[in-house]
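Engineer: One structure, as structure tokens, below. Some questions next.
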Amino acid sequence: ILGVMSSYNDYDGIPVTGSHYWLTERLRNEFGFRGYVVSDSAAVEYLYNKHGVATDMKDAVRQSIEAGLNVKTNFTPPDDFILPLRALIKEGKVSMKTLDDRVRDVLRVKFLLGMFDHPYVADADYAVKTVNSSEHQQIALRAARESIVLLKNNRNALPLSKDLHSIAVIGPNADDDSLTRYRYGPNGVKGTTVLQGIKNKLGDKVKVNYAKGCEVTNEHWPETEVLPEPLTQKEKDEIAKAVEVAKNSDVAVVVLGDSPNTVGETASRTSLDLPGRQLDLVQAVYAAGKPVVVVLLNGRPMSINWVNKYVPGIIEAWFPGAQGGTAIADVLFGDYNPGGKLTVTFPKTVGQIPYNFPTKPSAQWEGERTRVNGALYFFGHGLSYTTFAYSNLKITPQVERVSTASGSDRVNPTLKGAKITITLDVTNTGSREGDEVVQLFTHELVTSVTTYEKNLRGFERIHLRPGEMKTVTFILKPEDLALWDRQMHFVVEPGKFKVMIGSGSEDIRLTGEFGIAAVR
């Protein structure tokens, strides 16, 4: 790592961008960082006009430079940073040695990047010829396919048959290509929407009927999240059009979720429910009586409790990139078997937040009559169109004996040579080829401090044909088992460790144990 951004926040009352402890003592001296630190957009100004720890902009520049900042993100005139810095040096309030140190860090990175030898690219049109090339499109397609998560598939609602007469594609996100780019996407690169992907997949053989149904948000959103309003006549009419489209089709694909305005930087919400009138839309389409599946395009977990209860097939596609529509169509019609897993937990309601993984034993108390217990979808969850069997777990050695420092019963996490090898077999027991993401969790049974119930220590994505078996191997090193003890030392505490291997954090298929024994 050669570049780190300092954030807006403070730690123990000291803004990070002005913290010598974080930018120098910890980052450079303890962690050995040799790159440059750049401020988040207005992090330097915030020392003055938000945190109130600097008397003026000049003082904010001094604090950030002395803390260890190398580069200020420039969304304001350079004079806001350069002229105050020149004055500080002239007045002797910032030393030339400090300035040299900060410049040296930047020049070192430029040297490592070869910018002194080759400051300019040889082909001025390289970016134009490269961006969105065929190779890039294939990478985007693979990324979209592999990130899609099949949340629910009751009664084999998915994949859909291609032998349809008609299909309804409904929803505010069905034909919106802004969701394929999000905020920092390149200009001029058109993405494939879900509607386009389905049309491309089915061609002229199947009639594709489209209705937007509603916008992602309604007129007075987000206020309507705390003070609901009745549907307007226009909203009722749009939903009615979508219902009519569904009634005249064999199956309905409803595409819901977020927009770049409802999720992302500076886009906090009071609710994790579907924004706007989207729940009204999917309920009305479901009531039409035709088979329904839902596709989510979103950037945060969503509390889709009604959808999860009634809709048999649900796909989580996130913001899927330029080839997202193609990838989603591939999954909908079975040309690609989804194998993605959730990297977050989906709570049932905001009242459960924080609902994190990993979690500590006291974080979620079960059994209270006033609580909603359990997650909607747990970390690591993700279904497939095929099935996988786990077997033959082996852990060697059962007890790893490692040397400790003189007079200590703790193990150095950087100790070389010590390791635990874990192997298991995974077999595709279904009728389709597909990917499985095998997940390894551990938990030390007794420790000096409270630890997480499960720690993800590794995962392997494997592809299996029907009937095929592969052996998956994980290697655990001392650093994988370390914790911060009561003295805030990063150590391995000898003891017994539980091993849990499965298809998700709450779908554990195999368990075992091993021990770490200290030898003085």
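In the structure tokens, chains take letters A, B, ... by order of appearance, with residues numbered from 1 within each chain and ligands from 1 in the order shown.
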What parts of segment 82-327 of chain A does DSSP call strand (DSSP E or B)? I'd like the answer as a PyMOL selection string.
Structural biologist: chain A and resi 149-153+166-170+207-211+251-257+292-297+313-316
Engineer: Write out as a list of chain:residue names which residues come within 8 Å of Gly299 of chain A when counting only C-alpha atoms, dropping same-chain ones fewer than 4 positions away.
Structural biologist: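 Close residues of Gly299 of chain A: A:Asp258, A:Val263, A:Gly264, A:Trp318, A:Phe319.
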Engineer: Excluding segment 113-128 of chain A and residues on its chain fewer than 5 positions from it, collect all residues at most 12 Å away from it, counting only C-alpha atoms, and give them as a list of chain:residue names.
Structural biologist: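 The residues satisfying every condition are A:Leu2, A:Gly35, A:Val106, A:Leu107, A:Arg108, A:Ser133, A:His136, A:Pro186, A:Asn187, A:Gly188, A:Val189.
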Engineer: What does the file look like for those residues with N, CA and C atoms, as a compact mmCIF listing (two decimals), in the first residue's frame?
Structural biologist:
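Generated output (result.txt):
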# COMPACT_ATOMS: atom_id res chain seq x y z
N LEU A 2 0.66 2.10 -0.94
CA LEU A 2 1.47 3.31 -1.06
C LEU A 2 0.65 4.59 -0.93
N GLY A 35 4.36 5.19 2.07
CA GLY A 35 3.72 5.93 0.99
C GLY A 35 3.34 7.33 1.40
N VAL A 106 6.05 11.62 -1.31
CA VAL A 106 5.36 11.67 -2.60
C VAL A 106 6.32 11.30 -3.73
N LEU A 107 7.53 11.84 -3.69
CA LEU A 107 8.50 11.54 -4.74
C LEU A 107 8.89 10.07 -4.74
N ARG A 108 8.94 9.46 -3.56
CA ARG A 108 9.27 8.04 -3.49
C ARG A 108 8.24 7.21 -4.25
N SER A 133 -13.28 -1.73 -23.78
CA SER A 133 -12.89 -2.66 -24.84
C SER A 133 -13.62 -3.98 -24.64
N HIS A 136 -12.54 -5.58 -21.48
CA HIS A 136 -13.14 -4.95 -20.31
C HIS A 136 -14.59 -5.38 -20.13
N PRO A 186 -17.42 5.90 -15.66
CA PRO A 186 -16.89 6.71 -16.77
C PRO A 186 -18.00 7.32 -17.61
N ASN A 187 -17.77 8.49 -18.12
CA ASN A 187 -18.74 9.12 -19.01
C ASN A 187 -18.70 8.44 -20.38
N GLY A 188 -19.85 8.34 -21.02
CA GLY A 188 -19.90 7.83 -22.37
C GLY A 188 -19.94 6.32 -22.48
N VAL A 189 -19.96 5.61 -21.36
CA VAL A 189 -20.05 4.15 -21.40
C VAL A 189 -21.47 3.75 -21.00
Engineer: Could you check how far atom CA of Ala267 of chain A sits from atom CA of Gly18 of chain A, in Å to one decimal?
Structural biologist: 25.9 Å
Engineer: I'd like the interatomic distance between atom CA of Arg300 of chain A and atom CA of Phe333 of chain A, to a tenth of an Å.
Structural biologist: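 Calculated distance between atom CA of Arg300 of chain A and atom CA of Phe333 of chain A is 25.4 Å.
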Engineer: Tell me, in Å to one decimal, how far atom CA of Ile462 of chain A is from atom CA of Ala140 of chain A.
Structural biologist: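 Atom CA of Ala140 of chain A lies at a distance of 19.8 Å from atom CA of Ile462 of chain A.
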Engineer: Neighbours of Val426 of chain A within 7 Å (only C-alpha atoms; same-chain residues fewer than 6 positions away dropped), as an NGL selection string?
Structural biologist: :A and (388-391 or 469-471)
Engineer: Write out as a ChimeraX atom specification which residues come within 9 Å of Arg465 of chain A when counting only C-alpha atoms, dropping same-chain ones fewer than 3 positions away.
Structural biologist: /A:427-428,430-435,468-469
Engineer: Residues as selected, C-alpha atoms, written as a short mmCIF file (atom, residue, chain, number, x, y, z; two decimals), in the first residue's frame, can you do that?
Structural biologist:
data_model
loop_
_atom_site.label_atom_id
_atom_site.label_comp_id
_atom_site.auth_asym_id
_atom_site.auth_seq_id
_atom_site.Cartn_x
_atom_site.Cartn_y
_atom_site.Cartn_z
CA THR A 427 -19.34 -32.62 -4.11
CA ASN A 428 -21.90 -31.25 -6.56
CA GLY A 430 -27.28 -31.62 -8.20
CA SER A 431 -27.97 -31.62 -11.92
CA ARG A 432 -26.31 -28.31 -12.88
CA GLU A 433 -22.73 -27.14 -12.84
CA GLY A 434 -22.10 -24.27 -10.49
CA ASP A 435 -19.88 -22.40 -8.05
CA GLU A 468 -17.76 -33.77 -9.43
CA MET A 469 -15.84 -33.62 -6.13
#
Engineer: Please provide the set of residues having any atom within 10 Å of segment 346-356 of chain A, restricted to only C-alpha atoms, with same-chain residues fewer than 2 positions apart removed, written as a PyMOL selection string.
Structural biologist: chain A and resi 269-273+300-305+342-344+358-360+363-364+371-379+381
Engineer: Output C-alpha atoms of each residue in that selection to a file, as an mmCIF file, in the first residue's frame.
Structural biologist:
data_model
loop_
_atom_site.group_PDB
_atom_site.id
_atom_site.type_symbol
_atom_site.label_atom_id
_atom_site.label_comp_id
_atom_site.auth_asym_id
_atom_site.auth_seq_id
_atom_site.Cartn_x
_atom_site.Cartn_y
_atom_site.Cartn_z
ATOM 1 C CA ARG A 269 -31.754 6.867 5.690
ATOM 2 C CA THR A 270 -34.225 6.399 8.527
ATOM 3 C CA SER A 271 -35.386 3.057 7.135
ATOM 4 C CA LEU A 272 -34.029 0.019 5.304
ATOM 5 C CA ASP A 273 -37.396 -0.679 3.669
ATOM 6 C CA ARG A 300 -27.110 -1.454 1.125
ATOM 7 C CA PRO A 301 -29.011 -4.232 2.898
ATOM 8 C CA MET A 302 -32.788 -3.912 2.530
ATOM 9 C CA SER A 303 -35.470 -5.055 4.954
ATOM 10 C CA ILE A 304 -37.675 -6.722 2.336
ATOM 11 C CA ASN A 305 -39.747 -8.707 4.822
ATOM 12 C CA LEU A 342 -23.625 -11.934 1.082
ATOM 13 C CA THR A 343 -20.768 -9.884 2.488
ATOM 14 C CA VAL A 344 -23.170 -8.177 4.899
ATOM 15 C CA PRO A 358 -18.745 -11.012 13.207
ATOM 16 C CA THR A 359 -20.716 -10.447 16.371
ATOM 17 C CA LYS A 360 -19.988 -10.894 20.059
ATOM 18 C CA ALA A 363 -24.612 -8.255 20.922
ATOM 19 C CA GLN A 364 -27.942 -9.888 19.999
ATOM 20 C CA ARG A 371 -37.614 -8.017 20.140
ATOM 21 C CA VAL A 372 -37.569 -9.159 16.543
ATOM 22 C CA ASN A 373 -34.936 -11.881 16.619
ATOM 23 C CA GLY A 374 -32.727 -13.155 13.835
ATOM 24 C CA ALA A 375 -31.567 -11.697 10.556
ATOM 25 C CA LEU A 376 -33.500 -11.650 7.310
ATOM 26 C CA TYR A 377 -30.412 -12.988 5.512
ATOM 27 C CA PHE A 378 -27.182 -13.840 7.301
ATOM 28 C CA PHE A 379 -23.619 -13.022 6.326
ATOM 29 C CA HIS A 381 -25.823 -16.554 2.609
#
Engineer: Would you please work out which residue, of A:Asn337, A:Asp250, A:Asn153, A:Gly324, is nearest to Ile139 of chain A when using only C-alpha atoms?
Structural biologist: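 The closest residue to Ile139 of chain A is A:Gly324.
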Engineer: Enumerate the residues of segment 34-264 of chain A with a DSSP assignment of alpha helix (DSSP H), computed from the backbone, and present them as an mmCIF file with N, CA and C atoms, in the first residue's frame.
Structural biologist:
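Written out: part32.cif:
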data_model
loop_
_atom_site.group_PDB
_atom_site.id
_atom_site.type_symbol
_atom_site.label_atom_id
_atom_site.label_comp_id
_atom_site.auth_asym_id
_atom_site.auth_seq_id
_atom_site.Cartn_x
_atom_site.Cartn_y
_atom_site.Cartn_z
ATOM 1 N N ALA A 43 -11.091 17.580 4.476
ATOM 2 C CA ALA A 43 -10.666 17.170 5.815
ATOM 3 C C ALA A 43 -9.764 18.203 6.473
ATOM 4 N N VAL A 44 -8.927 18.894 5.687
ATOM 5 C CA VAL A 44 -8.066 19.923 6.268
ATOM 6 C C VAL A 44 -8.906 21.102 6.734
ATOM 7 N N GLU A 45 -9.812 21.577 5.871
ATOM 8 C CA GLU A 45 -10.685 22.686 6.252
ATOM 9 C C GLU A 45 -11.503 22.362 7.493
ATOM 10 N N TYR A 46 -11.911 21.095 7.625
ATOM 11 C CA TYR A 46 -12.766 20.703 8.741
ATOM 12 C C TYR A 46 -12.076 20.863 10.091
ATOM 13 N N LEU A 47 -10.742 20.832 10.115
ATOM 14 C CA LEU A 47 -10.052 21.089 11.378
ATOM 15 C C LEU A 47 -10.430 22.463 11.917
ATOM 16 N N TYR A 48 -10.698 23.371 10.974
ATOM 17 C CA TYR A 48 -11.042 24.748 11.331
ATOM 18 C C TYR A 48 -12.548 24.973 11.413
ATOM 19 N N ASN A 49 -13.276 24.649 10.326
ATOM 20 C CA ASN A 49 -14.677 25.076 10.265
ATOM 21 C C ASN A 49 -15.685 24.029 10.721
ATOM 22 N N MET A 57 -7.664 28.703 8.738
ATOM 23 C CA MET A 57 -7.214 27.745 7.729
ATOM 24 C C MET A 57 -5.703 27.551 7.792
ATOM 25 N N LYS A 58 -5.002 28.597 8.083
ATOM 26 C CA LYS A 58 -3.544 28.510 8.186
ATOM 27 C C LYS A 58 -3.137 27.557 9.301
ATOM 28 N N ASP A 59 -3.811 27.647 10.413
ATOM 29 C CA ASP A 59 -3.516 26.749 11.531
ATOM 30 C C ASP A 59 -3.913 25.312 11.195
ATOM 31 N N ALA A 60 -4.990 25.152 10.430
ATOM 32 C CA ALA A 60 -5.406 23.806 10.010
ATOM 33 C C ALA A 60 -4.350 23.172 9.110
ATOM 34 N N VAL A 61 -3.769 23.970 8.208
ATOM 35 C CA VAL A 61 -2.703 23.465 7.341
ATOM 36 C C VAL A 61 -1.509 23.039 8.184
ATOM 37 N N ARG A 62 -1.144 23.850 9.159
ATOM 38 C CA ARG A 62 -0.005 23.509 10.024
ATOM 39 C C ARG A 62 -0.239 22.195 10.752
ATOM 40 N N GLN A 63 -1.413 22.040 11.342
ATOM 41 C CA GLN A 63 -1.696 20.817 12.097
ATOM 42 C C GLN A 63 -1.642 19.582 11.205
ATOM 43 N N SER A 64 -2.198 19.688 10.010
ATOM 44 C CA SER A 64 -2.239 18.516 9.128
ATOM 45 C C SER A 64 -0.847 18.143 8.624
ATOM 46 N N ILE A 65 -0.038 19.151 8.267
ATOM 47 C CA ILE A 65 1.317 18.876 7.782
ATOM 48 C C ILE A 65 2.164 18.262 8.891
ATOM 49 N N GLU A 66 2.089 18.807 10.089
ATOM 50 C CA GLU A 66 2.880 18.278 11.191
ATOM 51 C C GLU A 66 2.391 16.901 11.623
ATOM 52 N N ALA A 67 1.115 16.622 11.410
ATOM 53 C CA ALA A 67 0.583 15.304 11.763
ATOM 54 C C ALA A 67 1.113 14.219 10.837
ATOM 55 N N ILE A 82 -1.422 26.122 -0.453
ATOM 56 C CA ILE A 82 -0.031 26.451 -0.764
ATOM 57 C C ILE A 82 0.407 27.754 -0.100
ATOM 58 N N LEU A 83 -0.394 28.816 -0.231
ATOM 59 C CA LEU A 83 0.020 30.103 0.336
ATOM 60 C C LEU A 83 0.128 30.053 1.856
ATOM 61 N N PRO A 84 -0.845 29.456 2.569
ATOM 62 C CA PRO A 84 -0.652 29.330 4.022
ATOM 63 C C PRO A 84 0.582 28.513 4.382
ATOM 64 N N LEU A 85 0.866 27.466 3.606
ATOM 65 C CA LEU A 85 2.036 26.635 3.893
ATOM 66 C C LEU A 85 3.326 27.433 3.687
ATOM 67 N N ARG A 86 3.375 28.224 2.615
ATOM 68 C CA ARG A 86 4.557 29.062 2.392
ATOM 69 C C ARG A 86 4.761 30.031 3.550
ATOM 70 N N ALA A 87 3.667 30.617 4.003
ATOM 71 C CA ALA A 87 3.771 31.567 5.114
ATOM 72 C C ALA A 87 4.235 30.877 6.387
ATOM 73 N N LEU A 88 3.739 29.676 6.648
ATOM 74 C CA LEU A 88 4.135 28.933 7.845
ATOM 75 C C LEU A 88 5.626 28.615 7.830
ATOM 76 N N ILE A 89 6.144 28.276 6.658
ATOM 77 C CA ILE A 89 7.575 27.976 6.542
ATOM 78 C C ILE A 89 8.397 29.252 6.731
ATOM 79 N N LYS A 90 7.934 30.332 6.125
ATOM 80 C CA LYS A 90 8.649 31.600 6.246
ATOM 81 C C LYS A 90 8.679 32.080 7.689
ATOM 82 N N MET A 96 11.639 23.270 7.490
ATOM 83 C CA MET A 96 11.980 22.759 6.164
ATOM 84 C C MET A 96 12.159 21.247 6.198
ATOM 85 N N LYS A 97 12.628 20.722 7.326
ATOM 86 C CA LYS A 97 12.778 19.269 7.441
ATOM 87 C C LYS A 97 11.427 18.576 7.318
ATOM 88 N N THR A 98 10.404 19.140 7.977
ATOM 89 C CA THR A 98 9.062 18.561 7.872
ATOM 90 C C THR A 98 8.576 18.612 6.431
ATOM 91 N N LEU A 99 8.786 19.757 5.770
ATOM 92 C CA LEU A 99 8.375 19.882 4.371
ATOM 93 C C LEU A 99 9.116 18.869 3.495
ATOM 94 N N ASP A 100 10.427 18.741 3.710
ATOM 95 C CA ASP A 100 11.213 17.775 2.930
ATOM 96 C C ASP A 100 10.693 16.356 3.139
ATOM 97 N N ASP A 101 10.370 16.015 4.377
ATOM 98 C CA ASP A 101 9.858 14.669 4.670
ATOM 99 C C ASP A 101 8.553 14.407 3.925
ATOM 100 N N ARG A 102 7.668 15.413 3.910
ATOM 101 C CA ARG A 102 6.374 15.215 3.258
ATOM 102 C C ARG A 102 6.539 15.104 1.739
ATOM 103 N N VAL A 103 7.412 15.923 1.167
ATOM 104 C CA VAL A 103 7.649 15.868 -0.276
ATOM 105 C C VAL A 103 8.344 14.561 -0.647
ATOM 106 N N ARG A 104 9.277 14.126 0.193
ATOM 107 C CA ARG A 104 10.027 12.900 -0.093
ATOM 108 C C ARG A 104 9.091 11.699 -0.217
ATOM 109 N N ASP A 105 8.077 11.632 0.627
ATOM 110 C CA ASP A 105 7.131 10.510 0.567
ATOM 111 C C ASP A 105 6.429 10.453 -0.787
ATOM 112 N N VAL A 106 6.050 11.616 -1.307
ATOM 113 C CA VAL A 106 5.360 11.670 -2.598
ATOM 114 C C VAL A 106 6.315 11.300 -3.728
ATOM 115 N N LEU A 107 7.529 11.836 -3.685
ATOM 116 C CA LEU A 107 8.500 11.543 -4.740
ATOM 117 C C LEU A 107 8.888 10.069 -4.742
ATOM 118 N N ARG A 108 8.937 9.465 -3.557
ATOM 119 C CA ARG A 108 9.267 8.041 -3.489
ATOM 120 C C ARG A 108 8.240 7.212 -4.250
ATOM 121 N N VAL A 109 6.973 7.525 -4.071
ATOM 122 C CA VAL A 109 5.916 6.785 -4.762
ATOM 123 C C VAL A 109 6.005 7.017 -6.265
ATOM 124 N N LYS A 110 6.255 8.252 -6.673
ATOM 125 C CA LYS A 110 6.398 8.535 -8.105
ATOM 126 C C LYS A 110 7.574 7.766 -8.696
ATOM 127 N N PHE A 111 8.650 7.664 -7.922
ATOM 128 C CA PHE A 111 9.810 6.908 -8.394
ATOM 129 C C PHE A 111 9.466 5.434 -8.548
ATOM 130 N N LEU A 112 8.770 4.881 -7.557
ATOM 131 C CA LEU A 112 8.402 3.468 -7.621
ATOM 132 C C LEU A 112 7.457 3.183 -8.783
ATOM 133 N N TYR A 126 -4.363 5.730 -25.724
ATOM 134 C CA TYR A 126 -4.454 4.416 -25.077
ATOM 135 C C TYR A 126 -5.754 4.271 -24.279
ATOM 136 N N ALA A 127 -6.115 5.307 -23.531
ATOM 137 C CA ALA A 127 -7.321 5.219 -22.709
ATOM 138 C C ALA A 127 -8.566 5.063 -23.571
ATOM 139 N N VAL A 128 -8.626 5.832 -24.662
ATOM 140 C CA VAL A 128 -9.793 5.769 -25.540
ATOM 141 C C VAL A 128 -9.941 4.378 -26.145
ATOM 142 N N LYS A 129 -8.814 3.783 -26.524
ATOM 143 C CA LYS A 129 -8.853 2.462 -27.153
ATOM 144 C C LYS A 129 -9.065 1.339 -26.140
ATOM 145 N N THR A 130 -8.752 1.608 -24.875
ATOM 146 C CA THR A 130 -8.772 0.541 -23.873
ATOM 147 C C THR A 130 -10.067 0.495 -23.074
ATOM 148 N N SER A 134 -13.519 -4.858 -25.604
ATOM 149 C CA SER A 134 -14.156 -6.169 -25.495
ATOM 150 C C SER A 134 -13.659 -6.922 -24.267
ATOM 151 N N GLU A 135 -12.362 -6.807 -23.996
ATOM 152 C CA GLU A 135 -11.801 -7.471 -22.815
ATOM 153 C C GLU A 135 -12.405 -6.905 -21.540
ATOM 154 N N HIS A 136 -12.545 -5.582 -21.483
ATOM 155 C CA HIS A 136 -13.139 -4.948 -20.312
ATOM 156 C C HIS A 136 -14.591 -5.384 -20.126
ATOM 157 N N GLN A 137 -15.317 -5.479 -21.214
ATOM 158 C CA GLN A 137 -16.713 -5.897 -21.125
ATOM 159 C C GLN A 137 -16.833 -7.318 -20.591
ATOM 160 N N GLN A 138 -15.913 -8.186 -20.977
ATOM 161 C CA GLN A 138 -15.929 -9.556 -20.466
ATOM 162 C C GLN A 138 -15.610 -9.592 -18.976
ATOM 163 N N ILE A 139 -14.681 -8.736 -18.549
ATOM 164 C CA ILE A 139 -14.360 -8.656 -17.122
ATOM 165 C C ILE A 139 -15.563 -8.127 -16.349
ATOM 166 N N ALA A 140 -16.222 -7.100 -16.902
ATOM 167 C CA ALA A 140 -17.405 -6.540 -16.247
ATOM 168 C C ALA A 140 -18.516 -7.574 -16.148
ATOM 169 N N LEU A 141 -18.676 -8.389 -17.195
ATOM 170 C CA LEU A 141 -19.700 -9.432 -17.182
ATOM 171 C C LEU A 141 -19.383 -10.480 -16.124
ATOM 172 N N ARG A 142 -18.128 -10.892 -16.059
ATOM 173 C CA ARG A 142 -17.746 -11.884 -15.052
ATOM 174 C C ARG A 142 -17.950 -11.340 -13.641
ATOM 175 N N ALA A 143 -17.548 -10.082 -13.414
ATOM 176 C CA ALA A 143 -17.705 -9.480 -12.091
ATOM 177 C C ALA A 143 -19.177 -9.425 -11.692
ATOM 178 N N ALA A 144 -20.034 -9.032 -12.633
ATOM 179 C CA ALA A 144 -21.464 -8.956 -12.338
ATOM 180 C C ALA A 144 -22.042 -10.333 -12.053
ATOM 181 N N ARG A 145 -21.704 -11.313 -12.871
ATOM 182 C CA ARG A 145 -22.213 -12.674 -12.658
ATOM 183 C C ARG A 145 -21.805 -13.214 -11.294
ATOM 184 N N GLU A 146 -20.518 -13.086 -10.973
ATOM 185 C CA GLU A 146 -20.013 -13.717 -9.761
ATOM 186 C C GLU A 146 -20.456 -13.002 -8.491
ATOM 187 N N SER A 147 -20.913 -11.757 -8.599
ATOM 188 C CA SER A 147 -21.355 -11.022 -7.415
ATOM 189 C C SER A 147 -22.843 -11.184 -7.135
ATOM 190 N N VAL A 194 -31.557 -4.156 -17.123
ATOM 191 C CA VAL A 194 -32.197 -5.466 -16.974
ATOM 192 C C VAL A 194 -33.159 -5.717 -18.130
ATOM 193 N N LEU A 195 -33.943 -4.705 -18.491
ATOM 194 C CA LEU A 195 -34.877 -4.850 -19.606
ATOM 195 C C LEU A 195 -34.132 -5.184 -20.900
ATOM 196 N N GLN A 196 -33.051 -4.469 -21.169
ATOM 197 C CA GLN A 196 -32.275 -4.738 -22.379
ATOM 198 C C GLN A 196 -31.661 -6.132 -22.342
ATOM 199 N N GLY A 197 -31.159 -6.525 -21.178
ATOM 200 C CA GLY A 197 -30.565 -7.851 -21.047
ATOM 201 C C GLY A 197 -31.560 -8.958 -21.326
ATOM 202 N N ILE A 198 -32.783 -8.796 -20.824
ATOM 203 C CA ILE A 198 -33.824 -9.802 -21.054
ATOM 204 C C ILE A 198 -34.234 -9.829 -22.522
ATOM 205 N N LYS A 199 -34.386 -8.655 -23.127
ATOM 206 C CA LYS A 199 -34.739 -8.607 -24.551
ATOM 207 C C LYS A 199 -33.650 -9.253 -25.405
ATOM 208 N N ASN A 200 -32.403 -8.955 -25.079
ATOM 209 C CA ASN A 200 -31.299 -9.558 -25.833
ATOM 210 C C ASN A 200 -31.282 -11.072 -25.666
ATOM 211 N N LYS A 201 -31.627 -11.531 -24.489
ATOM 212 C CA LYS A 201 -31.606 -12.967 -24.197
ATOM 213 C C LYS A 201 -32.713 -13.698 -24.952
ATOM 214 N N LEU A 202 -33.910 -13.133 -24.975
ATOM 215 C CA LEU A 202 -35.069 -13.838 -25.524
ATOM 216 C C LEU A 202 -35.298 -13.553 -27.002
ATOM 217 N N GLN A 233 -53.233 10.005 -7.221
ATOM 218 C CA GLN A 233 -53.931 9.374 -8.337
ATOM 219 C C GLN A 233 -52.958 8.971 -9.432
ATOM 220 N N LYS A 234 -51.941 9.797 -9.673
ATOM 221 C CA LYS A 234 -50.938 9.462 -10.681
ATOM 222 C C LYS A 234 -50.201 8.179 -10.303
ATOM 223 N N GLU A 235 -49.862 8.042 -9.021
ATOM 224 C CA GLU A 235 -49.161 6.837 -8.568
ATOM 225 C C GLU A 235 -50.053 5.605 -8.704
ATOM 226 N N LYS A 236 -51.319 5.755 -8.381
ATOM 227 C CA LYS A 236 -52.262 4.644 -8.542
ATOM 228 C C LYS A 236 -52.367 4.221 -10.005
ATOM 229 N N ASP A 237 -52.399 5.214 -10.897
ATOM 230 C CA ASP A 237 -52.522 4.909 -12.325
ATOM 231 C C ASP A 237 -51.287 4.165 -12.841
ATOM 232 N N GLU A 238 -50.106 4.583 -12.407
ATOM 233 C CA GLU A 238 -48.873 3.928 -12.858
ATOM 234 C C GLU A 238 -48.801 2.490 -12.354
ATOM 235 N N ILE A 239 -49.201 2.276 -11.118
ATOM 236 C CA ILE A 239 -49.209 0.917 -10.572
ATOM 237 C C ILE A 239 -50.244 0.064 -11.302
ATOM 238 N N ALA A 240 -51.403 0.663 -11.615
ATOM 239 C CA ALA A 240 -52.448 -0.071 -12.343
ATOM 240 C C ALA A 240 -51.955 -0.508 -13.724
ATOM 241 N N LYS A 241 -51.177 0.346 -14.398
ATOM 242 C CA LYS A 241 -50.606 -0.034 -15.695
ATOM 243 C C LYS A 241 -49.679 -1.239 -15.546
ATOM 244 N N ALA A 242 -48.883 -1.228 -14.485
ATOM 245 C CA ALA A 242 -47.962 -2.345 -14.249
ATOM 246 C C ALA A 242 -48.723 -3.633 -13.971
ATOM 247 N N VAL A 243 -49.807 -3.533 -13.222
ATOM 248 C CA VAL A 243 -50.628 -4.711 -12.930
ATOM 249 C C VAL A 243 -51.223 -5.276 -14.212
ATOM 250 N N GLU A 244 -51.682 -4.399 -15.087
ATOM 251 C CA GLU A 244 -52.259 -4.848 -16.351
ATOM 252 C C GLU A 244 -51.206 -5.554 -17.208
ATOM 253 N N VAL A 245 -49.993 -5.027 -17.205
ATOM 254 C CA VAL A 245 -48.895 -5.665 -17.940
ATOM 255 C C VAL A 245 -48.622 -7.050 -17.374
ATOM 256 N N ALA A 246 -48.633 -7.171 -16.052
ATOM 257 C CA ALA A 246 -48.397 -8.475 -15.417
ATOM 258 C C ALA A 246 -49.498 -9.467 -15.770
ATOM 259 N N LYS A 247 -50.745 -9.012 -15.751
ATOM 260 C CA LYS A 247 -51.868 -9.899 -16.063
ATOM 261 C C LYS A 247 -51.786 -10.440 -17.487
#
Engineer: So, with only C-alpha atoms as the atoms that count, which of A:Val255, A:Ile475, A:Val499, A:Met5 lies closest to Ile314 of chain A?
Structural biologist: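 Residue with the minimum atom-to-atom distance to Ile314 of chain A: A:Val255.
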Engineer: Might you pull out every residue within 10 Å of Trp484 of chain A, with only C-alpha atoms counted and same-chain residues fewer than 6 positions away left off, and present them as an NGL selection string?
Structural biologist: :A and (448-449 or 451 or 490-493)
Engineer: Output N, CA and C atoms for every residue in the selection just made, as an mmCIF file, in the first residue's frame.
Structural biologist:
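Okay, selection-v5.cif is ready:
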data_model
loop_
_atom_site.group_PDB
_atom_site.id
_atom_site.type_symbol
_atom_site.label_atom_id
_atom_site.label_comp_id
_atom_site.auth_asym_id
_atom_site.auth_seq_id
_atom_site.Cartn_x
_atom_site.Cartn_y
_atom_site.Cartn_z
ATOM 1 N N SER A 448 -8.840 -14.495 27.205
ATOM 2 C CA SER A 448 -8.733 -13.502 28.279
ATOM 3 C C SER A 448 -9.657 -12.318 28.053
ATOM 4 N N VAL A 449 -10.121 -12.130 26.840
ATOM 5 C CA VAL A 449 -11.057 -11.062 26.502
ATOM 6 C C VAL A 449 -12.198 -11.662 25.683
ATOM 7 N N THR A 451 -14.378 -12.490 22.675
ATOM 8 C CA THR A 451 -14.094 -12.560 21.242
ATOM 9 C C THR A 451 -15.376 -12.847 20.466
ATOM 10 N N PHE A 490 -1.049 -7.799 20.388
ATOM 11 C CA PHE A 490 -1.609 -8.697 19.378
ATOM 12 C C PHE A 490 -0.912 -10.043 19.513
ATOM 13 N N VAL A 491 -1.585 -11.000 20.135
ATOM 14 C CA VAL A 491 -0.956 -12.272 20.490
ATOM 15 C C VAL A 491 -1.902 -13.430 20.187
ATOM 16 N N VAL A 492 -1.328 -14.620 20.160
ATOM 17 C CA VAL A 492 -2.109 -15.850 20.095
ATOM 18 C C VAL A 492 -2.138 -16.452 21.492
ATOM 19 N N GLU A 493 -3.322 -16.659 22.025
ATOM 20 C CA GLU A 493 -3.450 -17.281 23.336
ATOM 21 C C GLU A 493 -3.637 -18.784 23.156
#
